[in-house]
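S.K.: This is the content of final-v9.cif (mmCIF, N, CA and C atoms):
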```cif
data_coords
#
loop_
_atom_site.label_atom_id
_atom_site.label_comp_id
_atom_site.auth_asym_id
_atom_site.auth_seq_id
_atom_site.Cartn_x
_atom_site.Cartn_y
_atom_site.Cartn_z
N MET A 117 -17.05 -9.29 5.83
CA MET A 117 -16.96 -7.85 5.84
C MET A 117 -17.96 -7.31 6.85
N PHE A 118 -17.55 -6.27 7.56
CA PHE A 118 -18.44 -5.66 8.53
C PHE A 118 -18.09 -4.18 8.64
N CYS A 119 -19.04 -3.40 9.08
CA CYS A 119 -18.85 -1.95 9.25
C CYS A 119 -18.67 -1.65 10.73
N VAL A 120 -17.77 -0.76 11.03
CA VAL A 120 -17.48 -0.39 12.41
C VAL A 120 -17.81 1.09 12.59
N SER A 121 -18.67 1.38 13.56
CA SER A 121 -19.01 2.78 13.84
C SER A 121 -17.89 3.42 14.66
N GLU A 122 -17.95 4.74 14.77
CA GLU A 122 -16.95 5.45 15.58
C GLU A 122 -17.00 5.01 17.04
N ALA A 123 -18.22 4.78 17.56
CA ALA A 123 -18.37 4.36 18.96
C ALA A 123 -17.75 2.97 19.17
N GLU A 124 -17.99 2.06 18.24
CA GLU A 124 -17.42 0.71 18.35
C GLU A 124 -15.90 0.76 18.24
N ALA A 125 -15.40 1.58 17.31
CA ALA A 125 -13.95 1.72 17.16
C ALA A 125 -13.33 2.31 18.42
N ALA A 126 -14.02 3.27 19.03
CA ALA A 126 -13.50 3.87 20.27
C ALA A 126 -13.46 2.84 21.40
N ALA A 127 -14.47 1.98 21.48
CA ALA A 127 -14.49 0.94 22.51
C ALA A 127 -13.36 -0.07 22.29
N ILE A 128 -13.11 -0.43 21.06
CA ILE A 128 -12.03 -1.38 20.74
C ILE A 128 -10.68 -0.72 21.02
N ARG A 129 -10.54 0.55 20.64
CA ARG A 129 -9.31 1.29 20.90
C ARG A 129 -9.03 1.38 22.41
N ALA A 130 -10.07 1.68 23.19
CA ALA A 130 -9.91 1.79 24.65
C ALA A 130 -9.50 0.44 25.24
N ALA A 131 -10.12 -0.64 24.78
CA ALA A 131 -9.76 -1.97 25.28
C ALA A 131 -8.32 -2.30 24.93
N TYR A 132 -7.89 -1.91 23.73
CA TYR A 132 -6.51 -2.17 23.30
C TYR A 132 -5.52 -1.40 24.17
N GLU A 133 -5.84 -0.13 24.44
CA GLU A 133 -4.93 0.70 25.23
C GLU A 133 -4.88 0.26 26.69
N GLN A 134 -6.01 -0.19 27.23
CA GLN A 134 -6.07 -0.57 28.64
C GLN A 134 -5.59 -1.99 28.90
N GLY A 135 -5.95 -2.92 28.00
CA GLY A 135 -5.65 -4.31 28.29
C GLY A 135 -4.86 -5.05 27.23
N GLY A 136 -4.53 -4.38 26.14
CA GLY A 136 -3.73 -5.02 25.11
C GLY A 136 -4.56 -5.64 23.99
N GLU A 137 -3.86 -6.38 23.16
CA GLU A 137 -4.45 -6.95 21.95
C GLU A 137 -5.55 -7.96 22.25
N LEU A 138 -5.33 -8.81 23.23
CA LEU A 138 -6.34 -9.83 23.55
C LEU A 138 -7.63 -9.18 24.05
N SER A 139 -7.52 -8.17 24.88
CA SER A 139 -8.71 -7.46 25.37
C SER A 139 -9.47 -6.81 24.22
N ALA A 140 -8.73 -6.25 23.28
CA ALA A 140 -9.37 -5.63 22.12
C ALA A 140 -10.06 -6.68 21.25
N ALA A 141 -9.44 -7.85 21.11
CA ALA A 141 -10.06 -8.93 20.34
C ALA A 141 -11.33 -9.42 21.01
N ILE A 142 -11.32 -9.51 22.33
CA ILE A 142 -12.52 -9.93 23.07
C ILE A 142 -13.63 -8.90 22.90
N GLU A 143 -13.27 -7.62 22.98
CA GLU A 143 -14.26 -6.55 22.79
C GLU A 143 -14.83 -6.60 21.36
N LEU A 144 -13.97 -6.84 20.40
CA LEU A 144 -14.42 -6.96 19.00
C LEU A 144 -15.39 -8.11 18.85
N ARG A 145 -15.07 -9.26 19.44
CA ARG A 145 -15.96 -10.42 19.34
C ARG A 145 -17.25 -10.20 20.10
N ARG A 146 -17.22 -9.39 21.17
CA ARG A 146 -18.45 -9.07 21.90
C ARG A 146 -19.36 -8.20 21.02
N LEU A 147 -18.76 -7.25 20.32
CA LEU A 147 -19.54 -6.35 19.46
C LEU A 147 -19.98 -7.03 18.17
N PHE A 148 -19.17 -7.95 17.66
CA PHE A 148 -19.46 -8.64 16.41
C PHE A 148 -19.40 -10.15 16.63
N PRO A 149 -20.51 -10.75 17.09
CA PRO A 149 -20.50 -12.19 17.42
C PRO A 149 -20.26 -13.10 16.21
N GLY A 150 -20.38 -12.57 15.02
CA GLY A 150 -20.14 -13.39 13.82
C GLY A 150 -18.67 -13.70 13.61
N ILE A 151 -17.79 -12.97 14.27
CA ILE A 151 -16.35 -13.24 14.16
C ILE A 151 -16.02 -14.30 15.21
N THR A 152 -15.72 -15.50 14.74
CA THR A 152 -15.49 -16.61 15.65
C THR A 152 -14.03 -17.02 15.74
N ASP A 153 -13.22 -16.60 14.79
CA ASP A 153 -11.81 -16.97 14.76
C ASP A 153 -10.99 -15.98 15.59
N ASN A 154 -10.30 -16.47 16.61
CA ASN A 154 -9.50 -15.59 17.47
C ASN A 154 -8.39 -14.88 16.72
N ALA A 155 -7.73 -15.58 15.81
CA ALA A 155 -6.63 -14.97 15.06
C ALA A 155 -7.15 -13.81 14.21
N LYS A 156 -8.29 -14.02 13.56
CA LYS A 156 -8.88 -12.96 12.74
C LYS A 156 -9.34 -11.80 13.61
N ALA A 157 -9.91 -12.10 14.78
CA ALA A 157 -10.36 -11.05 15.70
C ALA A 157 -9.18 -10.22 16.18
N ARG A 158 -8.06 -10.87 16.48
CA ARG A 158 -6.87 -10.12 16.92
C ARG A 158 -6.33 -9.25 15.80
N GLU A 159 -6.32 -9.78 14.60
CA GLU A 159 -5.84 -9.00 13.45
C GLU A 159 -6.72 -7.77 13.22
N CYS A 160 -8.04 -7.98 13.24
CA CYS A 160 -8.97 -6.86 13.05
C CYS A 160 -8.85 -5.85 14.19
N ALA A 161 -8.68 -6.33 15.41
CA ALA A 161 -8.55 -5.43 16.56
C ALA A 161 -7.30 -4.57 16.44
N ARG A 162 -6.20 -5.17 15.98
CA ARG A 162 -4.97 -4.39 15.78
C ARG A 162 -5.17 -3.30 14.74
N ILE A 163 -5.85 -3.65 13.66
CA ILE A 163 -6.10 -2.68 12.59
C ILE A 163 -6.99 -1.55 13.10
N ILE A 164 -8.08 -1.91 13.77
CA ILE A 164 -9.02 -0.89 14.26
C ILE A 164 -8.36 -0.02 15.32
N ALA A 165 -7.53 -0.60 16.18
CA ALA A 165 -6.86 0.17 17.22
C ALA A 165 -5.90 1.19 16.62
N GLY A 166 -5.41 0.92 15.44
CA GLY A 166 -4.49 1.84 14.78
C GLY A 166 -5.17 3.00 14.08
N TRP A 167 -6.48 2.92 13.93
CA TRP A 167 -7.21 4.01 13.29
C TRP A 167 -7.19 5.24 14.16
N THR A 168 -7.28 6.39 13.53
CA THR A 168 -7.46 7.64 14.27
C THR A 168 -8.85 8.16 13.95
N PRO A 169 -9.48 8.81 14.91
CA PRO A 169 -10.82 9.35 14.65
C PRO A 169 -10.78 10.35 13.49
N ARG A 170 -11.84 10.35 12.71
CA ARG A 170 -11.91 11.26 11.57
C ARG A 170 -12.09 12.69 12.07
N LEU A 171 -11.42 13.59 11.39
CA LEU A 171 -11.57 15.00 11.72
C LEU A 171 -12.86 15.53 11.13
N ALA A 172 -13.44 16.51 11.80
CA ALA A 172 -14.66 17.13 11.27
C ALA A 172 -14.29 17.90 10.01
N PRO A 173 -15.13 17.84 8.99
CA PRO A 173 -14.81 18.57 7.75
C PRO A 173 -14.81 20.07 7.99
N VAL A 174 -13.92 20.75 7.32
CA VAL A 174 -13.83 22.20 7.43
C VAL A 174 -14.97 22.81 6.63
N PRO A 175 -15.78 23.67 7.26
CA PRO A 175 -16.89 24.27 6.52
C PRO A 175 -16.36 25.19 5.42
N LYS A 176 -16.99 25.10 4.28
CA LYS A 176 -16.59 25.94 3.15
C LYS A 176 -17.23 27.31 3.29
N ALA A 177 -16.50 28.30 2.85
CA ALA A 177 -17.03 29.66 2.87
C ALA A 177 -18.09 29.77 1.78
N PRO A 178 -19.17 30.50 2.04
CA PRO A 178 -20.19 30.64 1.00
C PRO A 178 -19.63 31.39 -0.20
N GLN A 179 -20.00 30.93 -1.37
CA GLN A 179 -19.52 31.56 -2.59
C GLN A 179 -20.41 32.74 -2.95
N ARG A 180 -19.76 33.81 -3.34
CA ARG A 180 -20.52 34.97 -3.77
C ARG A 180 -20.81 34.84 -5.25
N SER A 181 -21.98 35.30 -5.61
CA SER A 181 -22.31 35.28 -7.03
C SER A 181 -21.65 36.48 -7.69
N ARG A 182 -21.14 36.26 -8.85
CA ARG A 182 -20.46 37.34 -9.58
C ARG A 182 -21.47 38.09 -10.42
N LYS A 183 -21.32 39.38 -10.42
CA LYS A 183 -22.20 40.21 -11.25
C LYS A 183 -21.59 40.32 -12.64
N ARG A 184 -22.45 40.26 -13.61
CA ARG A 184 -22.00 40.40 -14.99
C ARG A 184 -21.83 41.88 -15.33
N ARG A 185 -20.81 42.13 -16.09
CA ARG A 185 -20.62 43.49 -16.59
C ARG A 185 -21.14 43.55 -18.01
N SER A 186 -21.82 44.61 -18.32
CA SER A 186 -22.39 44.77 -19.67
C SER A 186 -21.46 45.46 -20.60
#
```
Any chance you could give the structure as structure tokens?

M.R.:
Amino acid sequence: MFCVSEAEAAAIRAAYEQGGELSAAIELRRLFPGITDNAKARECARIIAGWTPRLAPVPKAPQRSRKRRS
């Protein structure tokens, strides 16, 4: 198991779009040297390349405090 940052995912996505699955797998193995199996690297690269960047959360409107009626 490993965690992928947005920057790493973007680099893998760019490699996939420019050079295909093998390029993305090589980029993944460059970023994560612990992944030694090419088949697993290609599988992970395909999955990561399919991700879309997360959208920024919509800011919530401030809540007004309600006044009590007597």

S.K.: Interatomic distance between CA of Ile151 in chain A and atom C of Tyr132 in chain A?

M.R.: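 Distance reported for this atom pair: 18.9 Å.
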
S.K.: Set the distance at 7 Å and use only N, CA and C atoms: which residues neighbour Ile142 in chain A once local chain neighbours fewer than 4 positions away are removed? I'd like the list as a ChimeraX atom specification.

M.R.: /A:137-138,146-147,157-158

S.K.: Write a file of the just-selected residues containing N, CA and C atoms, as an mmCIF file, in the frame of the given file.

M.R.:
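Listing of result-v6.cif after writing:
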```
data_model
loop_
_atom_site.group_PDB
_atom_site.id
_atom_site.type_symbol
_atom_site.label_atom_id
_atom_site.label_comp_id
_atom_site.auth_asym_id
_atom_site.auth_seq_id
_atom_site.Cartn_x
_atom_site.Cartn_y
_atom_site.Cartn_z
ATOM 1 N N GLU A 137 -3.860 -6.380 23.160
ATOM 2 C CA GLU A 137 -4.450 -6.950 21.950
ATOM 3 C C GLU A 137 -5.550 -7.960 22.250
ATOM 4 N N LEU A 138 -5.330 -8.810 23.230
ATOM 5 C CA LEU A 138 -6.340 -9.830 23.550
ATOM 6 C C LEU A 138 -7.630 -9.180 24.050
ATOM 7 N N ARG A 146 -17.220 -9.390 21.170
ATOM 8 C CA ARG A 146 -18.450 -9.070 21.900
ATOM 9 C C ARG A 146 -19.360 -8.200 21.020
ATOM 10 N N LEU A 147 -18.760 -7.250 20.320
ATOM 11 C CA LEU A 147 -19.540 -6.350 19.460
ATOM 12 C C LEU A 147 -19.980 -7.030 18.170
ATOM 13 N N ALA A 157 -9.910 -12.100 14.780
ATOM 14 C CA ALA A 157 -10.360 -11.050 15.700
ATOM 15 C C ALA A 157 -9.180 -10.220 16.180
ATOM 16 N N ARG A 158 -8.060 -10.870 16.480
ATOM 17 C CA ARG A 158 -6.870 -10.120 16.920
ATOM 18 C C ARG A 158 -6.330 -9.250 15.800
#
```

S.K.: In Å, how far is it from CA of Leu144 in chain A to CA of Leu171 in chain A?

M.R.: 23.3 Å

S.K.: For the alpha helix (DSSP H) assignment from backbone DSSP, which residues of chain A qualify? Please present them as a ChimeraX atom specification.

M.R.: /A:122-135,137-147,154-165

S.K.: Choose the residue, out of A:Lys176, A:Arg182, A:Ala141, A:Asp153, that has the smallest atom-to-atom separation from Ile128 in chain A; count all atoms listed in the file.

M.R.: A:Ala141

S.K.: Evaluating the PyMOL selection byres (((chain A and resi 125 and name CA) around 12) and name CA) on the displayed file yields which residues, as a PDB file with N, CA and C atoms, in the coordinates of the input?

M.R.:
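Wrote it out as result_18.pdb, contents follow:
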```pdb
ATOM      1  N   CYS A 119     -19.040  -3.400   9.080  1.00  0.00           N
ATOM      2  CA  CYS A 119     -18.850  -1.950   9.250  1.00  0.00           C
ATOM      3  C   CYS A 119     -18.670  -1.650  10.730  1.00  0.00           C
ATOM      4  N   VAL A 120     -17.770  -0.760  11.030  1.00  0.00           N
ATOM      5  CA  VAL A 120     -17.480  -0.390  12.410  1.00  0.00           C
ATOM      6  C   VAL A 120     -17.810   1.090  12.590  1.00  0.00           C
ATOM      7  N   SER A 121     -18.670   1.380  13.560  1.00  0.00           N
ATOM      8  CA  SER A 121     -19.010   2.780  13.840  1.00  0.00           C
ATOM      9  C   SER A 121     -17.890   3.420  14.660  1.00  0.00           C
ATOM     10  N   GLU A 122     -17.950   4.740  14.770  1.00  0.00           N
ATOM     11  CA  GLU A 122     -16.950   5.450  15.580  1.00  0.00           C
ATOM     12  C   GLU A 122     -17.000   5.010  17.040  1.00  0.00           C
ATOM     13  N   ALA A 123     -18.220   4.780  17.560  1.00  0.00           N
ATOM     14  CA  ALA A 123     -18.370   4.360  18.960  1.00  0.00           C
ATOM     15  C   ALA A 123     -17.750   2.970  19.170  1.00  0.00           C
ATOM     16  N   GLU A 124     -17.990   2.060  18.240  1.00  0.00           N
ATOM     17  CA  GLU A 124     -17.420   0.710  18.350  1.00  0.00           C
ATOM     18  C   GLU A 124     -15.900   0.760  18.240  1.00  0.00           C
ATOM     19  N   ALA A 126     -14.020   3.270  19.030  1.00  0.00           N
ATOM     20  CA  ALA A 126     -13.500   3.870  20.270  1.00  0.00           C
ATOM     21  C   ALA A 126     -13.460   2.840  21.400  1.00  0.00           C
ATOM     22  N   ALA A 127     -14.470   1.980  21.480  1.00  0.00           N
ATOM     23  CA  ALA A 127     -14.490   0.940  22.510  1.00  0.00           C
ATOM     24  C   ALA A 127     -13.360  -0.070  22.290  1.00  0.00           C
ATOM     25  N   ILE A 128     -13.110  -0.430  21.060  1.00  0.00           N
ATOM     26  CA  ILE A 128     -12.030  -1.380  20.740  1.00  0.00           C
ATOM     27  C   ILE A 128     -10.680  -0.720  21.020  1.00  0.00           C
ATOM     28  N   ARG A 129     -10.540   0.550  20.640  1.00  0.00           N
ATOM     29  CA  ARG A 129      -9.310   1.290  20.900  1.00  0.00           C
ATOM     30  C   ARG A 129      -9.030   1.380  22.410  1.00  0.00           C
ATOM     31  N   ALA A 130     -10.070   1.680  23.190  1.00  0.00           N
ATOM     32  CA  ALA A 130      -9.910   1.790  24.650  1.00  0.00           C
ATOM     33  C   ALA A 130      -9.500   0.440  25.240  1.00  0.00           C
ATOM     34  N   ALA A 131     -10.120  -0.640  24.780  1.00  0.00           N
ATOM     35  CA  ALA A 131      -9.760  -1.970  25.280  1.00  0.00           C
ATOM     36  C   ALA A 131      -8.320  -2.300  24.930  1.00  0.00           C
ATOM     37  N   TYR A 132      -7.890  -1.910  23.730  1.00  0.00           N
ATOM     38  CA  TYR A 132      -6.510  -2.170  23.300  1.00  0.00           C
ATOM     39  C   TYR A 132      -5.520  -1.400  24.170  1.00  0.00           C
ATOM     40  N   ALA A 140      -8.730  -6.250  23.280  1.00  0.00           N
ATOM     41  CA  ALA A 140      -9.370  -5.630  22.120  1.00  0.00           C
ATOM     42  C   ALA A 140     -10.060  -6.680  21.250  1.00  0.00           C
ATOM     43  N   ALA A 141      -9.440  -7.850  21.110  1.00  0.00           N
ATOM     44  CA  ALA A 141     -10.060  -8.930  20.340  1.00  0.00           C
ATOM     45  C   ALA A 141     -11.330  -9.420  21.010  1.00  0.00           C
ATOM     46  N   GLU A 143     -13.270  -7.620  22.980  1.00  0.00           N
ATOM     47  CA  GLU A 143     -14.260  -6.550  22.790  1.00  0.00           C
ATOM     48  C   GLU A 143     -14.830  -6.600  21.360  1.00  0.00           C
ATOM     49  N   LEU A 144     -13.970  -6.840  20.400  1.00  0.00           N
ATOM     50  CA  LEU A 144     -14.420  -6.960  19.000  1.00  0.00           C
ATOM     51  C   LEU A 144     -15.390  -8.110  18.850  1.00  0.00           C
ATOM     52  N   LEU A 147     -18.760  -7.250  20.320  1.00  0.00           N
ATOM     53  CA  LEU A 147     -19.540  -6.350  19.460  1.00  0.00           C
ATOM     54  C   LEU A 147     -19.980  -7.030  18.170  1.00  0.00           C
ATOM     55  N   PHE A 148     -19.170  -7.950  17.660  1.00  0.00           N
ATOM     56  CA  PHE A 148     -19.460  -8.640  16.410  1.00  0.00           C
ATOM     57  C   PHE A 148     -19.400 -10.150  16.630  1.00  0.00           C
ATOM     58  N   CYS A 160      -8.040  -7.980  13.240  1.00  0.00           N
ATOM     59  CA  CYS A 160      -8.970  -6.860  13.050  1.00  0.00           C
ATOM     60  C   CYS A 160      -8.850  -5.850  14.190  1.00  0.00           C
ATOM     61  N   ALA A 161      -8.680  -6.330  15.410  1.00  0.00           N
ATOM     62  CA  ALA A 161      -8.550  -5.430  16.560  1.00  0.00           C
ATOM     63  C   ALA A 161      -7.300  -4.570  16.440  1.00  0.00           C
ATOM     64  N   ARG A 162      -6.200  -5.170  15.980  1.00  0.00           N
ATOM     65  CA  ARG A 162      -4.970  -4.390  15.780  1.00  0.00           C
ATOM     66  C   ARG A 162      -5.170  -3.300  14.740  1.00  0.00           C
ATOM     67  N   ILE A 163      -5.850  -3.650  13.660  1.00  0.00           N
ATOM     68  CA  ILE A 163      -6.100  -2.680  12.590  1.00  0.00           C
ATOM     69  C   ILE A 163      -6.990  -1.550  13.100  1.00  0.00           C
ATOM     70  N   ILE A 164      -8.080  -1.910  13.770  1.00  0.00           N
ATOM     71  CA  ILE A 164      -9.020  -0.890  14.260  1.00  0.00           C
ATOM     72  C   ILE A 164      -8.360  -0.020  15.320  1.00  0.00           C
ATOM     73  N   ALA A 165      -7.530  -0.600  16.180  1.00  0.00           N
ATOM     74  CA  ALA A 165      -6.860   0.170  17.220  1.00  0.00           C
ATOM     75  C   ALA A 165      -5.900   1.190  16.620  1.00  0.00           C
ATOM     76  N   GLY A 166      -5.410   0.920  15.440  1.00  0.00           N
ATOM     77  CA  GLY A 166      -4.490   1.840  14.780  1.00  0.00           C
ATOM     78  C   GLY A 166      -5.170   3.000  14.080  1.00  0.00           C
ATOM     79  N   TRP A 167      -6.480   2.920  13.930  1.00  0.00           N
ATOM     80  CA  TRP A 167      -7.210   4.010  13.290  1.00  0.00           C
ATOM     81  C   TRP A 167      -7.190   5.240  14.160  1.00  0.00           C
ATOM     82  N   THR A 168      -7.280   6.390  13.530  1.00  0.00           N
ATOM     83  CA  THR A 168      -7.460   7.640  14.270  1.00  0.00           C
ATOM     84  C   THR A 168      -8.850   8.160  13.950  1.00  0.00           C
ATOM     85  N   PRO A 169      -9.480   8.810  14.910  1.00  0.00           N
ATOM     86  CA  PRO A 169     -10.820   9.350  14.650  1.00  0.00           C
ATOM     87  C   PRO A 169     -10.780  10.350  13.490  1.00  0.00           C
ATOM     88  N   ARG A 170     -11.840  10.350  12.710  1.00  0.00           N
ATOM     89  CA  ARG A 170     -11.910  11.260  11.570  1.00  0.00           C
ATOM     90  C   ARG A 170     -12.090  12.690  12.070  1.00  0.00           C
TER      91      ARG A 170
END
```

S.K.: Rounded to one decimal in Å, what is the spacing between atom N of Pro149 in chain A and atom C of Gly136 in chain A?

M.R.: 18.1 Å
